[in-house]
Structure formats: structure tokens, C-alpha cells
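In what follows, a structure is listed as C-alpha cells, so that the remarks can point back to it.
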Amino acid sequence: MTKFSFDMKVSDSLTITRRYYRHVPQGVPIKGILIQYHSWMITCETWEKRVKPVPLADKYGLILIIACGSEYGWYSSVFRSISGWNAGTCCIQRKDIDDVEYTRIIIKRENKNNLPVFGYGLSNGGMMVESLLCHKVIQGAVSVSGVLALNPGLQGSFKTCDSLYNDASVGPKPPVPRVTSIHCLDDDIVPYKGSVVSPPVHSYFVETLFPRTNRDMRRWAGRFGCQKKVTRKTKIAKWTRLKEWKCPAKKRVVSIKRINCRHYHYTAHLLMKSPQFDPAEWAMKFFLT
């Protein structure tokens, strides 16, 4: 993959260098741009090594961009930098770092042919892609182990997104918006049922106000003009259930619930690919069909 960088002014006293990586498939029709957002605490380089997304991008004809979070994530210090995304209530120390604008800059640099742009992210990266869809920067989002986390959190996240999505001054709505949440029911870091009164003491997110995942998707159904009470449920793999709302035209809102994720990973929150289900490939099919 090819590395790119540019400077972003954060304040009068701070300018930071932002990075990203790009891969362009060769010998196949290009169908869109997929931007992937890593989770809090890992780097874009680590993400590329773990996820190995290039073969899938080649298979589906998607220009692949791996976005790199700033080094001001939670618990960063002068001794150690930690990557993160400013998705609202999570997961960055400097609230003046604008990752929505960072993404806009990437798209302006890379999308010369006005291709559809999609976002895929894990955990804090999943929160980021939902934020980008609220801001109408991307056309589709798949959030794995994430949830809408715009300030002020909880139900307020939904209201903030409603205002952004319905504000014409922010930009036009995408013509065929799509969103999916893929979430483990046994996730104890970003709980499927939202913030709890007594979260696990080992959780980094103990003070974060996350809304319920099912309410998050139901609210997206409302934004897209779908029938919020009309859904179709399907078993798509072992311990994996899909629910899709009835939406107009080719708009889509999907919730995928995964059961017993700890069977495959020591922490359900970080489970991505299992022997029965690969969220990364499922997402590409979702965006393109």
C-alpha cells in the first residue's frame, strides 16, 4: 500500500501531520472507495497486518484506504502515543481534532471520479463511520462492535445525528444510504444494550454514555424513511442473526447480532472474522449489491 500524509491545523498552537494508506486494484472495474477505520489503541499499520484487506478490495473492485487515527487517543502521554478517533464521547483526548474534516480531505484528494464512498470500522472506528454517515460524508457505513457516540451521548447522540443528517447546509443526503451494525451480544466493552450502571472495572469505556445498538439502528431506519416496525429476520451463520428493515428503493438498514463471540476470541468486543462469518467481506457485498 502507498502511504500519504498532509498537515492539519488543529489550533493556533498545534498543527499535526495526518496519514493514510491507499491501494488501487489493478485490472478490474473500480466500483467505489472503501475507507477502513481501526479501533482505538491500535495503528493503521497494525490494522493492515491483522485484517489483510487488500485481497478483498481487489476481489470487489474497491479502492482501499486505511485511515490513521491521530496520536491523541485516550491515555496518550508524552511517553506514549495512542491512536484514536474523535467520534464524540469516544475515544480521544483533544476534542478539537476533527476526524470528519480529515476524512473530507482524503476524499477530496482521492475521489476524482465521484465514486461512492463507504466506511468500515471496528469499535471506535465503527463509531467514526456512523458519525461520518450523520455528516453525510460517506454513502454507507458498517460498524463492527461500535455504536453512534456523538455528543452528548445516549439518546442525545441520536438527536445530534438527526440534526446533522437533516440539515441541508451540511450537504446533500446520499442517494442510496446504507448502514449496518454488527455486534456481539456478549460484548462487555461497548455493550449491545448500551451503557450499564456498573460496567466492568477492566473496561476503558466505563464513563462513556453509549446508547443501545438496536435503538441506534431503528433510528437510522427512521432517518432513511424505512418502516421502523417492519423487519425481516434471517439466520446467516452459526450464532449469527440478521434483521433488516423494510426501506424504500435500495436504501438498507441492517442489524447483525452475534452470539457466544467469546467462543472465538478472548474478548467478544474485538472479534471480527469467525470460521462462519467474515464481517469485512459481508460489508463489501452489502455496499455493492
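Ligands are numbered from 1 in the order shown, residues from 1 within each chain, and chains are lettered A, B, ... in the order they appear in the C-alpha cells.
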- Please return as a PyMOL selection string: the residues of stretch 26-81 of chain A that backbone DSSP assigns to alpha helix (DSSP H). chain A and resi 44-51+54-60
- Task: Excluding stretch 38-43 of chain A and any residue of its chain fewer than 4 positions from it, enumerate the residues within 9 Å of it, using only C-alpha atoms, and give them as an NGL selection string.
- Result: :A and (47-48 or 66-69 or 73-74 or 81-85 or 90-92 or 120-126 or 270)
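The closest residue to A:His269, picked from A:Lys238, A:Lys257, A:Arg109, A:His183 and counting only C-alpha atoms, is A:His183.
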Can you build me a table of stretch 57-174 of chain A residues sitting at most 9 Å from stretch 216-227 of chain A, with the closest atom pair per residue and its distance in Å to one decimal, using only C-alpha atoms, sorted by chain and residue number, as a tab-separated table?
```
residue	atom	partner	partner_atom	distance
A:Val147	CA	A:Asp216	CA	7.1
A:Leu148	CA	A:Asp216	CA	6.7
A:Gln155	CA	A:Asp216	CA	8.9
A:Phe158	CA	A:Arg219	CA	7.1
A:Asp162	CA	A:Arg223	CA	7.2
A:Tyr165	CA	A:Arg223	CA	7.8
A:Asn166	CA	A:Arg223	CA	8.3
```
Saved selection, atoms kept: N, CA and C atoms, as a short mmCIF file (atom, residue, chain, number, x, y, z; two decimals), in the first residue's frame:
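Heads up, here's the output in again_7.cif:
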```
data_model
loop_
_atom_site.label_atom_id
_atom_site.label_comp_id
_atom_site.auth_asym_id
_atom_site.auth_seq_id
_atom_site.Cartn_x
_atom_site.Cartn_y
_atom_site.Cartn_z
N VAL A 147 -21.05 1.88 18.00
CA VAL A 147 -22.39 2.43 18.11
C VAL A 147 -22.27 3.94 17.91
N LEU A 148 -23.36 4.60 17.60
CA LEU A 148 -23.33 6.05 17.45
C LEU A 148 -22.96 6.68 18.79
N GLN A 155 -29.28 8.96 24.28
CA GLN A 155 -30.29 9.38 23.31
C GLN A 155 -29.91 10.69 22.63
N PHE A 158 -28.50 10.41 19.14
CA PHE A 158 -29.47 10.28 18.06
C PHE A 158 -29.96 11.66 17.61
N ASP A 162 -29.65 13.33 13.98
CA ASP A 162 -30.85 13.79 13.26
C ASP A 162 -30.65 15.20 12.71
N TYR A 165 -28.02 15.18 9.86
CA TYR A 165 -28.47 14.48 8.65
C TYR A 165 -29.56 15.25 7.92
N ASN A 166 -30.38 15.98 8.66
CA ASN A 166 -31.49 16.70 8.05
C ASN A 166 -31.17 18.16 7.75
#
```
- Using the chain letters and numbers from this document, which residues of stretch 82-212 of chain A does DSSP assign to strand (DSSP E or B), as a PyMOL selection string? chain A and resi 82+84+92+117-122+140-144+178-184
